[in-house]
file protein.pdb (PDB, C-alpha atoms)
ATOM      1  CA  MET Z   5     110.724 124.874 156.825
ATOM      2  CA  GLY Z   6     111.274 121.222 157.592
ATOM      3  CA  GLU Z   7     111.039 120.259 153.904
ATOM      4  CA  GLU Z   8     114.330 121.843 152.816
ATOM      5  CA  PRO Z   9     116.621 119.307 154.538
ATOM      6  CA  VAL Z  10     114.515 116.489 153.101
ATOM      7  CA  ARG Z  11     114.848 117.929 149.581
ATOM      8  CA  ALA Z  12     118.595 118.447 150.072
ATOM      9  CA  SER Z  13     119.051 114.886 151.280
ATOM     10  CA  TRP Z  14     117.052 113.541 148.314
ATOM     11  CA  ALA Z  15     119.234 115.510 145.922
ATOM     12  CA  GLU Z  16     122.372 114.276 147.638
ATOM     13  CA  ALA Z  17     121.183 110.671 147.678
ATOM     14  CA  LEU Z  18     120.215 110.934 144.005
ATOM     15  CA  LEU Z  19     123.542 112.410 142.888
ATOM     16  CA  THR Z  20     125.529 109.875 144.935
ATOM     17  CA  PHE Z  21     123.461 107.031 143.485
ATOM     18  CA  ILE Z  22     123.988 108.187 139.886
ATOM     19  CA  GLN Z  23     127.722 108.707 140.487
ATOM     20  CA  ARG Z  24     128.025 105.237 141.986
ATOM     21  CA  TYR Z  25     125.881 103.464 139.380
ATOM     22  CA  PRO Z  26     126.183 105.330 136.041
ATOM     23  CA  GLY Z  27     123.609 104.341 133.434
ATOM     24  CA  VAL Z  28     120.959 103.576 136.045
ATOM     25  CA  HIS Z  29     117.379 103.898 134.807
ATOM     26  CA  LEU Z  30     114.811 106.342 136.143
ATOM     27  CA  ARG Z  31     112.455 103.549 137.238
ATOM     28  CA  GLU Z  32     115.245 101.789 139.114
ATOM     29  CA  ILE Z  33     116.233 105.017 140.911
ATOM     30  CA  ARG Z  34     112.639 105.522 142.005
ATOM     31  CA  ARG Z  35     112.400 101.925 143.194
ATOM     32  CA  ARG Z  36     115.700 101.949 145.086
ATOM     33  CA  LEU Z  37     115.587 105.410 146.639
ATOM     34  CA  GLY Z  38     111.823 105.682 147.069
ATOM     35  CA  ILE Z  39     111.729 109.250 145.764
ATOM     36  CA  PRO Z  40     108.301 110.343 144.455
ATOM     37  CA  ILE Z  41     108.334 110.573 140.653
ATOM     38  CA  GLY Z  42     107.557 114.308 140.568
ATOM     39  CA  THR Z  43     110.376 115.076 143.005
ATOM     40  CA  LEU Z  44     112.718 112.796 141.085
ATOM     41  CA  ASP Z  45     111.923 114.522 137.777
ATOM     42  CA  TYR Z  46     112.443 117.918 139.399
ATOM     43  CA  HIS Z  47     115.865 117.009 140.822
ATOM     44  CA  LEU Z  48     117.005 115.318 137.609
ATOM     45  CA  TYR Z  49     115.983 118.392 135.605
ATOM     46  CA  ARG Z  50     117.824 120.685 138.042
ATOM     47  CA  MET Z  51     120.958 118.523 138.061
ATOM     48  CA  GLY Z  52     120.920 118.288 134.273
ATOM     49  CA  ARG Z  53     120.619 122.058 133.960
ATOM     50  CA  GLU Z  54     123.483 122.557 136.440
ATOM     51  CA  GLY Z  55     125.648 120.186 134.405
ATOM     52  CA  LEU Z  56     125.990 117.616 137.181
ATOM     53  CA  ILE Z  57     124.394 114.769 135.242
ATOM     54  CA  THR Z  58     123.318 113.899 131.720
ATOM     55  CA  ILE Z  59     120.203 111.969 130.803
ATOM     56  CA  GLN Z  60     119.725 110.007 127.621
ATOM     57  CA  PHE Z  61     116.962 107.789 126.305
ATOM     58  CA  GLN Z  62     118.062 104.317 125.394
ATOM     59  CA  GLY Z  63     115.918 101.349 124.502
ATOM     60  CA  GLY Z  64     112.843 103.001 126.002
ATOM     61  CA  TYR Z  65     114.622 103.803 129.260
ATOM     62  CA  LYS Z  66     115.701 107.147 130.677
ATOM     63  CA  CYS Z  67     119.328 106.536 131.690
ATOM     64  CA  CYS Z  68     121.255 108.832 134.022
ATOM     65  CA  PHE Z  69     125.010 109.401 133.897
ATOM     66  CA  PRO Z  70     127.238 111.649 136.009
ATOM     67  CA  ALA Z  71     128.728 114.527 133.994
ATOM     68  CA  VAL Z  72     132.201 113.614 135.222
ATOM     69  CA  VAL Z  73     133.579 110.349 136.560
ATOM     70  CA  PRO Z  74     136.652 111.032 138.732
ATOM     71  CA  GLU Z  75     138.374 107.747 137.767
ATOM     72  CA  ILE Z  76     138.129 108.661 134.077
ATOM     73  CA  GLY Z  77     138.700 112.387 134.604
ATOM     74  CA  GLY Z  78     135.798 113.295 132.332
ATOM     75  CA  PRO Z  79     132.456 112.073 131.031
ATOM     76  CA  ILE Z  80     131.851 108.421 130.175
ATOM     77  CA  PRO Z  81     132.466 107.921 126.424
ATOM     78  CA  GLU Z  82     129.345 107.457 124.311
ATOM     79  CA  VAL Z  83     130.346 103.924 123.282
ATOM     80  CA  ASP Z  84     130.571 102.881 126.951
ATOM     81  CA  ARG Z  85     127.291 104.587 127.857
ATOM     82  CA  LYS Z  86     125.293 102.364 125.545
ATOM     83  CA  VAL Z  87     126.833  99.246 127.035
ATOM     84  CA  LEU Z  88     126.514 100.479 130.621
ATOM     85  CA  ALA Z  89     122.826 101.278 130.199
ATOM     86  CA  LEU Z  90     122.240  97.698 129.026
ATOM     87  CA  LEU Z  91     124.365  96.256 131.831
ATOM     88  CA  ARG Z  92     122.006  97.917 134.317
ATOM     89  CA  LEU Z  93     119.214  95.574 133.151
ATOM     90  CA  PRO Z  94     119.261  92.065 134.693
ATOM     91  CA  ALA Z  95     118.690  90.067 131.479
ATOM     92  CA  PRO Z  96     121.321  91.746 129.250
ATOM     93  CA  ARG Z  97     123.755  91.752 132.172
ATOM     94  CA  GLY Z  98     123.195  88.004 132.608
ATOM     95  CA  ILE Z  99     123.766  87.407 128.877
ATOM     96  CA  VAL Z 100     126.959  89.484 128.793
ATOM     97  CA  LEU Z 101     128.360  87.885 131.969
ATOM     98  CA  PHE Z 102     127.641  84.384 130.677
ATOM     99  CA  LEU Z 103     129.305  85.078 127.316
ATOM    100  CA  TYR Z 104     132.254  86.710 129.071
ATOM    101  CA  LEU Z 105     132.804  83.694 131.324
ATOM    102  CA  GLN Z 106     131.845  80.872 128.935
ATOM    103  CA  GLY Z 107     132.784  82.267 125.522
ATOM    104  CA  PRO Z 108     130.697  81.856 122.333
ATOM    105  CA  THR Z 109     127.437  80.043 123.111
ATOM    106  CA  ALA Z 110     124.457  78.774 121.118
ATOM    107  CA  PRO Z 111     121.340  80.947 121.634
ATOM    108  CA  ALA Z 112     119.298  77.946 122.840
ATOM    109  CA  GLU Z 113     121.868  77.137 125.539
ATOM    110  CA  LEU Z 114     122.023  80.806 126.533
ATOM    111  CA  GLY Z 115     118.238  80.931 126.890
ATOM    112  CA  SER Z 116     117.978  77.741 128.944
ATOM    113  CA  THR Z 117     120.894  78.696 131.216
ATOM    114  CA  LEU Z 118     119.492  82.141 131.918
ATOM    115  CA  GLY Z 119     115.940  80.809 132.250
ATOM    116  CA  THR Z 120     114.484  83.267 129.764
ATOM    117  CA  THR Z 121     112.032  82.780 126.899
ATOM    118  CA  GLY Z 122     113.168  82.705 123.271
ATOM    119  CA  SER Z 123     111.410  85.962 122.408
ATOM    120  CA  ASN Z 124     112.855  87.711 125.456
ATOM    121  CA  LEU Z 125     116.349  86.480 124.622
ATOM    122  CA  SER Z 126     115.977  87.542 121.002
ATOM    123  CA  TYR Z 127     114.784  91.011 122.083
ATOM    124  CA  TYR Z 128     117.803  91.584 124.327
ATOM    125  CA  LEU Z 129     120.252  90.048 121.833
ATOM    126  CA  ASN Z 130     118.966  92.545 119.260
ATOM    127  CA  LYS Z 131     119.552  95.387 121.742
ATOM    128  CA  LEU Z 132     123.050  94.094 122.524
ATOM    129  CA  GLU Z 133     123.807  93.707 118.826
ATOM    130  CA  GLU Z 134     122.623  97.266 118.140
ATOM    131  CA  ALA Z 135     124.983  98.495 120.867
ATOM    132  CA  LYS Z 136     127.772  96.428 119.256
ATOM    133  CA  VAL Z 137     128.280  94.346 122.392
ATOM    134  CA  VAL Z 138     127.521  90.917 120.924
ATOM    135  CA  LEU Z 139     127.523  89.308 117.497
ATOM    136  CA  ARG Z 140     125.468  86.372 116.210
ATOM    137  CA  GLU Z 141     127.419  84.180 113.822
ATOM    138  CA  GLY Z 142     126.751  81.047 111.781
ATOM    139  CA  GLN Z 143     123.543  79.434 110.573
ATOM    140  CA  GLY Z 144     121.097  76.859 111.926
ATOM    141  CA  GLY Z 145     122.614  74.492 114.482
ATOM    142  CA  GLN Z 146     126.029  76.165 114.198
ATOM    143  CA  ARG Z 147     124.669  79.560 115.267
ATOM    144  CA  VAL Z 148     126.514  81.095 118.234
ATOM    145  CA  VAL Z 149     126.521  84.397 120.102
ATOM    146  CA  ARG Z 150     129.815  85.967 121.119
ATOM    147  CA  LEU Z 151     131.087  89.176 122.659
ATOM    148  CA  LEU Z 152     132.519  91.646 120.167
ATOM    149  CA  ASP Z 153     134.966  93.239 122.591
ATOM    150  CA  SER Z 154     135.506  91.236 125.766
ATOM    151  CA  LYS Z 155     138.195  93.712 126.933
ATOM    152  CA  GLN Z 156     135.614  96.527 126.969
ATOM    153  CA  VAL Z 157     133.195  94.328 128.931
ATOM    154  CA  HIS Z 158     135.966  93.353 131.374
ATOM    155  CA  ARG Z 159     136.852  97.022 131.916
ATOM    156  CA  LEU Z 160     133.233  98.135 132.413
ATOM    157  CA  LEU Z 161     132.439  95.272 134.785
ATOM    158  CA  LEU Z 162     135.432  96.181 136.942
ATOM    159  CA  GLN Z 163     135.006  99.936 136.729
ATOM    160  CA  PHE Z 164     131.277 100.178 137.404
ATOM    161  CA  PRO Z 165     129.829  97.894 140.093
ATOM    162  CA  PRO Z 166     126.421  96.277 139.618
ATOM    163  CA  LEU Z 167     123.442  97.565 141.557
ATOM    164  CA  PRO Z 168     123.328  95.853 144.963
ATOM    165  CA  GLU Z 169     120.762  93.109 145.405
ATOM    166  CA  THR Z 170     117.554  94.089 147.164
ATOM    167  CA  VAL Z 171     115.736  91.832 149.640
ATOM    168  CA  VAL Z 172     113.286  90.900 146.870
ATOM    169  CA  ASP Z 173     116.203  90.050 144.521
ATOM    170  CA  ARG Z 174     117.712  87.740 147.146
ATOM    171  CA  PHE Z 175     114.330  86.169 147.844
ATOM    172  CA  LEU Z 176     113.776  85.534 144.115
ATOM    173  CA  ARG Z 177     117.295  84.129 143.618
ATOM    174  CA  PHE Z 178     116.890  81.772 146.587
ATOM    175  CA  TRP Z 179     113.619  80.263 145.353
ATOM    176  CA  THR Z 180     114.764  80.168 141.739
ATOM    177  CA  GLU Z 181     117.992  78.348 142.640
ATOM    178  CA  LEU Z 182     116.077  75.788 144.728
ATOM    179  CA  HIS Z 183     114.282  74.550 141.642
ATOM    180  CA  PRO Z 184     116.077  71.595 139.955
TER     181      PRO Z 184
ATOM    182  CA  MET I  90     104.500  77.170 184.893
ATOM    183  CA  ASP I  91     101.786  78.721 182.713
ATOM    184  CA  LEU I  92     102.865  78.426 179.079
ATOM    185  CA  GLY I  93      99.781  80.236 177.741
ATOM    186  CA  PRO I  94     101.315  83.736 177.400
ATOM    187  CA  ILE I  95     104.506  82.340 175.839
ATOM    188  CA  LEU I  96     102.470  80.383 173.290
ATOM    189  CA  ASN I  97     100.396  83.483 172.503
ATOM    190  CA  VAL I  98     103.544  85.504 171.835
ATOM    191  CA  ALA I  99     105.073  82.660 169.800
ATOM    192  CA  PHE I 100     102.033  82.356 167.517
ATOM    193  CA  ALA I 101     101.727  86.139 167.210
ATOM    194  CA  GLY I 102     105.380  86.133 166.085
ATOM    195  CA  ILE I 103     104.656  83.352 163.580
ATOM    196  CA  ALA I 104     101.731  85.389 162.210
ATOM    197  CA  VAL I 105     103.851  88.549 161.855
ATOM    198  CA  PHE I 106     106.855  86.805 160.244
ATOM    199  CA  GLY I 107     104.514  84.877 157.972
ATOM    200  CA  ALA I 108     102.845  88.113 156.896
ATOM    201  CA  VAL I 109     106.212  89.801 156.220
ATOM    202  CA  LEU I 110     107.401  86.841 154.117
ATOM    203  CA  THR I 111     104.051  86.748 152.283
ATOM    204  CA  ALA I 112     104.480  90.424 151.392
ATOM    205  CA  LEU I 113     108.024  89.735 150.192
ATOM    206  CA  ALA I 114     106.836  86.784 148.101
ATOM    207  CA  LEU I 115     104.081  88.935 146.572
ATOM    208  CA  LEU I 116     106.658  91.599 145.643
ATOM    209  CA  ALA I 117     108.806  88.869 144.080
ATOM    210  CA  PHE I 118     105.719  87.543 142.246
ATOM    211  CA  ARG I 119     105.024  91.022 140.899
ATOM    212  CA  ARG I 120     108.595  91.096 139.542
ATOM    213  CA  VAL I 121     108.540  87.524 138.162
ATOM    214  CA  PRO I 122     104.900  86.400 137.780
ATOM    215  CA  SER I 123     105.507  82.632 137.811
ATOM    216  CA  PRO I 124     103.221  79.936 139.294
ATOM    217  CA  ARG I 125     106.110  78.852 141.522
ATOM    218  CA  MET I 126     106.387  82.252 143.142
ATOM    219  CA  ALA I 127     102.602  82.322 143.636
ATOM    220  CA  LEU I 128     102.866  78.992 145.486
ATOM    221  CA  VAL I 129     105.687  80.302 147.662
ATOM    222  CA  ALA I 130     103.518  83.305 148.561
ATOM    223  CA  LEU I 131     100.624  80.942 149.330
ATOM    224  CA  GLY I 132     102.910  78.865 151.566
ATOM    225  CA  PHE I 133     103.922  81.861 153.627
ATOM    226  CA  LEU I 134     100.321  83.026 153.736
ATOM    227  CA  LEU I 135      99.376  79.643 155.243
ATOM    228  CA  ILE I 136     101.988  80.175 157.974
ATOM    229  CA  ALA I 137     100.613  83.636 158.727
ATOM    230  CA  VAL I 138      97.011  82.353 158.826
ATOM    231  CA  GLN I 139      98.070  79.437 161.040
ATOM    232  CA  GLY I 140      99.640  81.913 163.473
ATOM    233  CA  VAL I 141      96.441  83.967 163.565
ATOM    234  CA  VAL I 142      94.034  81.019 163.865
ATOM    235  CA  VAL I 143      95.983  79.117 166.528
ATOM    236  CA  GLY I 144      96.763  82.405 168.323
ATOM    237  CA  ILE I 145      93.025  83.178 168.502
ATOM    238  CA  GLY I 146      92.311  79.640 169.679
ATOM    239  CA  LEU I 147      94.864  79.954 172.461
ATOM    240  CA  PHE I 148      93.691  83.433 173.419
ATOM    241  CA  GLU I 149      90.037  82.467 173.639
ATOM    242  CA  GLY I 150      90.891  79.318 175.579
ATOM    243  CA  GLY I 151      87.770  77.405 174.544
ATOM    244  CA  TRP I 152      89.629  75.102 172.145
ATOM    245  CA  GLY I 153      91.073  71.919 173.513
ATOM    246  CA  ASP I 154      94.737  71.001 173.062
ATOM    247  CA  ALA I 155      93.835  68.258 170.603
ATOM    248  CA  THR I 156      91.847  70.697 168.440
ATOM    249  CA  LEU I 157      94.720  73.188 168.380
ATOM    250  CA  LEU I 158      97.177  70.457 167.454
ATOM    251  CA  LEU I 159      94.867  69.252 164.689
ATOM    252  CA  VAL I 160      94.464  72.770 163.263
ATOM    253  CA  SER I 161      98.258  73.257 163.364
ATOM    254  CA  ALA I 162      98.836  69.891 161.699
ATOM    255  CA  VAL I 163      96.365  70.684 158.898
ATOM    256  CA  PHE I 164      98.062  74.024 158.173
ATOM    257  CA  GLU I 165     101.538  72.474 158.284
ATOM    258  CA  ALA I 166     100.535  69.607 156.009
ATOM    259  CA  ALA I 167      99.045  72.082 153.514
ATOM    260  CA  LEU I 168     102.210  74.197 153.751
ATOM    261  CA  LEU I 169     104.455  71.196 153.057
ATOM    262  CA  VAL I 170     102.385  70.213 150.008
ATOM    263  CA  VAL I 171     102.538  73.776 148.646
ATOM    264  CA  LEU I 172     106.304  74.078 149.188
ATOM    265  CA  PHE I 173     106.865  70.599 147.728
ATOM    266  CA  VAL I 174     105.052  71.592 144.548
ATOM    267  CA  ALA I 175     106.747  75.017 144.465
ATOM    268  CA  THR I 176     110.281  73.652 144.721
ATOM    269  CA  LEU I 177     110.214  70.192 143.205
ATOM    270  CA  VAL I 178     107.493  69.945 140.561
ATOM    271  CA  ARG I 179     108.417  71.210 137.109
TER     272      ARG I 179
END

call {"tool": "encode", "arguments": {"input": "protein.pdb", "output": "structure tokens"}}
result
Amino acid sequence: MGEEPVRASWAEALLTFIQRYPGVHLREIRRRLGIPIGTLDYHLYRMGREGLITIQFQGGYKCCFPAVVPEIGGPIPEVDRKVLALLRLPAPRGIVLFLYLQGPTAPAELGSTLGTTGSNLSYYLNKLEEAKVVLREGQGGQRVVRLLDSKQVHRLLLQFPPLPETVVDRFLRFWTELHP
Amino acid sequence: MDLGPILNVAFAGIAVFGAVLTALALLAFRRVPSPRMALVALGFLLIAVQGVVVGIGLFEGGWGDATLLLVSAVFEAALLVVLFVATLVR
């Protein structure tokens, strides 16, 4: 008898979370809301069947989107979904933000600024290129990465807020920024 | 005025806060498994252990003041070395 309100509150928290942060990944939802995976799968399946949300696989992640976004007056366009799903990951979000603020940048500078390895950077640049967010131009030392459509990035960054920092995120940022 | 109970509470608090920060550092280490984060976790673990060890020493009452100060100093020196390496050494 006591379980029904708990289930209802999980469903409500889940729907609110997906509406607030479209494109959020299943693993991130579980981490942030602390919903057991079986319960989470059950609610996502139910919400999908009721037409409240849509789920799509992208880059190995299960991404959740609300069926309707009030500000848009309909579903999020497919082209924006791909970008949003990537913007929910810290590394691609960091790359896109840096390119948006600094303009075209050499991959080596991008990697050192973001503190990521070459292979990691290359992996995410490939994903961003597949989603037509960035473009790599030039050869050798002249090679740069730039945003394909900075207006789209500007709009998405304003329209959909990033996931709030957790205590662990703040802890990590503090100790990472302390290092010279 | 007897400072014993206040010191006991203070070191119990140090042990608890140290343990909480150690847990947080371990979660951060799990997210970003870097040597630096491991050292930060070790630093906070030293604080927690210091709180427990000195707290026990105070509670049992058999340790002299000089011994307790020495134990505290050893833990704090170790902590400073760990945090120095974690934040300043590349």

call {"tool": "closest_atom_pairs", "arguments": {"input": "protein.pdb", "of": "chain I", "to": "chain Z", "cutoff": "9 Å", "atoms": "only C-alpha atoms", "output": "JSON lines"}}
result
{"residue": "I:Leu113", "atom": "CA", "partner": "Z:Val172", "partner_atom": "CA", "distance": 6.3}
{"residue": "I:Ala114", "atom": "CA", "partner": "Z:Phe175", "partner_atom": "CA", "distance": 7.5}
{"residue": "I:Leu116", "atom": "CA", "partner": "Z:Val172", "partner_atom": "CA", "distance": 6.8}
{"residue": "I:Ala117", "atom": "CA", "partner": "Z:Val172", "partner_atom": "CA", "distance": 5.7}
{"residue": "I:Phe118", "atom": "CA", "partner": "Z:Leu176", "partner_atom": "CA", "distance": 8.5}
{"residue": "I:Arg120", "atom": "CA", "partner": "Z:Val172", "partner_atom": "CA", "distance": 8.7}
{"residue": "I:Val121", "atom": "CA", "partner": "Z:Leu176", "partner_atom": "CA", "distance": 8.2}
{"residue": "I:Arg125", "atom": "CA", "partner": "Z:Trp179", "partner_atom": "CA", "distance": 8.5}
{"residue": "I:Met126", "atom": "CA", "partner": "Z:Trp179", "partner_atom": "CA", "distance": 7.8}
{"residue": "I:Val129", "atom": "CA", "partner": "Z:Trp179", "partner_atom": "CA", "distance": 8.3}
{"residue": "I:Ala175", "atom": "CA", "partner": "Z:His183", "partner_atom": "CA", "distance": 8.1}
{"residue": "I:Thr176", "atom": "CA", "partner": "Z:His183", "partner_atom": "CA", "distance": 5.1}
{"residue": "I:Leu177", "atom": "CA", "partner": "Z:His183", "partner_atom": "CA", "distance": 6.2}
{"residue": "I:Val178", "atom": "CA", "partner": "Z:His183", "partner_atom": "CA", "distance": 8.3}
{"residue": "I:Arg179", "atom": "CA", "partner": "Z:His183", "partner_atom": "CA", "distance": 8.1}

call {"tool": "residues_around", "arguments": {"input": "protein.pdb", "residues": "I:Ala99", "least_positions_apart": "3", "cutoff": "12 Å", "atoms": "all atoms listed in the file", "output": "list in words"}}
result
Leu92, Gly93, Pro94, Ile95, Leu96, Gly102, Ile103, Ala104, Val105, Phe106, Ala137, Gln139, Gly140, Val141, Val143, Gly144, Leu147 and Phe148 of chain I

call {"tool": "write_last_selection", "arguments": {"input": "protein.pdb", "atoms": "C-alpha atoms", "output": "PDB file, in the frame of the given file"}}
result
ATOM      1  CA  LEU I  92     102.865  78.426 179.079  1.00  0.00           C
ATOM      2  CA  GLY I  93      99.781  80.236 177.741  1.00  0.00           C
ATOM      3  CA  PRO I  94     101.315  83.736 177.400  1.00  0.00           C
ATOM      4  CA  ILE I  95     104.506  82.340 175.839  1.00  0.00           C
ATOM      5  CA  LEU I  96     102.470  80.383 173.290  1.00  0.00           C
ATOM      6  CA  GLY I 102     105.380  86.133 166.085  1.00  0.00           C
ATOM      7  CA  ILE I 103     104.656  83.352 163.580  1.00  0.00           C
ATOM      8  CA  ALA I 104     101.731  85.389 162.210  1.00  0.00           C
ATOM      9  CA  VAL I 105     103.851  88.549 161.855  1.00  0.00           C
ATOM     10  CA  PHE I 106     106.855  86.805 160.244  1.00  0.00           C
ATOM     11  CA  ALA I 137     100.613  83.636 158.727  1.00  0.00           C
ATOM     12  CA  GLN I 139      98.070  79.437 161.040  1.00  0.00           C
ATOM     13  CA  GLY I 140      99.640  81.913 163.473  1.00  0.00           C
ATOM     14  CA  VAL I 141      96.441  83.967 163.565  1.00  0.00           C
ATOM     15  CA  VAL I 143      95.983  79.117 166.528  1.00  0.00           C
ATOM     16  CA  GLY I 144      96.763  82.405 168.323  1.00  0.00           C
ATOM     17  CA  LEU I 147      94.864  79.954 172.461  1.00  0.00           C
ATOM     18  CA  PHE I 148      93.691  83.433 173.419  1.00  0.00           C
TER      19      PHE I 148
END

call {"tool": "resolve_selection", "arguments": {"input": "protein.pdb", "expression": "the PyMOL selection byres ((chain Z and resi 28-35) around 10)", "output": "ChimeraX atom specification"}}
result
/Z:18,21-27,36-41,43-45,48,59-62,64-69,88-93,166-167

call {"tool": "residues_around", "arguments": {"input": "protein.pdb", "residues": "stretch 133-135 of chain Z", "least_positions_apart": "2", "cutoff": "10 Å", "atoms": "all atoms listed in the file", "output": "VMD selection string"}}
result
chain Z and resid 83 to 87 89 to 90 127 to 131 137 to 140 149 151 to 152

call {"tool": "write_last_selection", "arguments": {"input": "protein.pdb", "atoms": "C-alpha atoms", "output": "PDB file, in the frame of the given file"}}
result
ATOM      1  CA  VAL Z  83     130.346 103.924 123.282  1.00  0.00           C
ATOM      2  CA  ASP Z  84     130.571 102.881 126.951  1.00  0.00           C
ATOM      3  CA  ARG Z  85     127.291 104.587 127.857  1.00  0.00           C
ATOM      4  CA  LYS Z  86     125.293 102.364 125.545  1.00  0.00           C
ATOM      5  CA  VAL Z  87     126.833  99.246 127.035  1.00  0.00           C
ATOM      6  CA  ALA Z  89     122.826 101.278 130.199  1.00  0.00           C
ATOM      7  CA  LEU Z  90     122.240  97.698 129.026  1.00  0.00           C
ATOM      8  CA  TYR Z 127     114.784  91.011 122.083  1.00  0.00           C
ATOM      9  CA  TYR Z 128     117.803  91.584 124.327  1.00  0.00           C
ATOM     10  CA  LEU Z 129     120.252  90.048 121.833  1.00  0.00           C
ATOM     11  CA  ASN Z 130     118.966  92.545 119.260  1.00  0.00           C
ATOM     12  CA  LYS Z 131     119.552  95.387 121.742  1.00  0.00           C
ATOM     13  CA  VAL Z 137     128.280  94.346 122.392  1.00  0.00           C
ATOM     14  CA  VAL Z 138     127.521  90.917 120.924  1.00  0.00           C
ATOM     15  CA  LEU Z 139     127.523  89.308 117.497  1.00  0.00           C
ATOM     16  CA  ARG Z 140     125.468  86.372 116.210  1.00  0.00           C
ATOM     17  CA  VAL Z 149     126.521  84.397 120.102  1.00  0.00           C
ATOM     18  CA  LEU Z 151     131.087  89.176 122.659  1.00  0.00           C
ATOM     19  CA  LEU Z 152     132.519  91.646 120.167  1.00  0.00           C
TER      20      LEU Z 152
END

call {"tool": "residues_around", "arguments": {"input": "protein.pdb", "residues": "Z:Glu113", "least_positions_apart": "4", "cutoff": "12 Å", "atoms": "only C-alpha atoms", "output": "PyMOL selection string"}}
result
chain Z and resi 99+102-103+106+108-109+117-122+125+145+147-149

call {"tool": "resolve_selection", "arguments": {"input": "protein.pdb", "expression": "the PyMOL selection byres ((chain I and resi 161-164) around 9)", "output": "ChimeraX atom specification"}}
result
/I:135-136,138-140,142-143,156-160,165-169
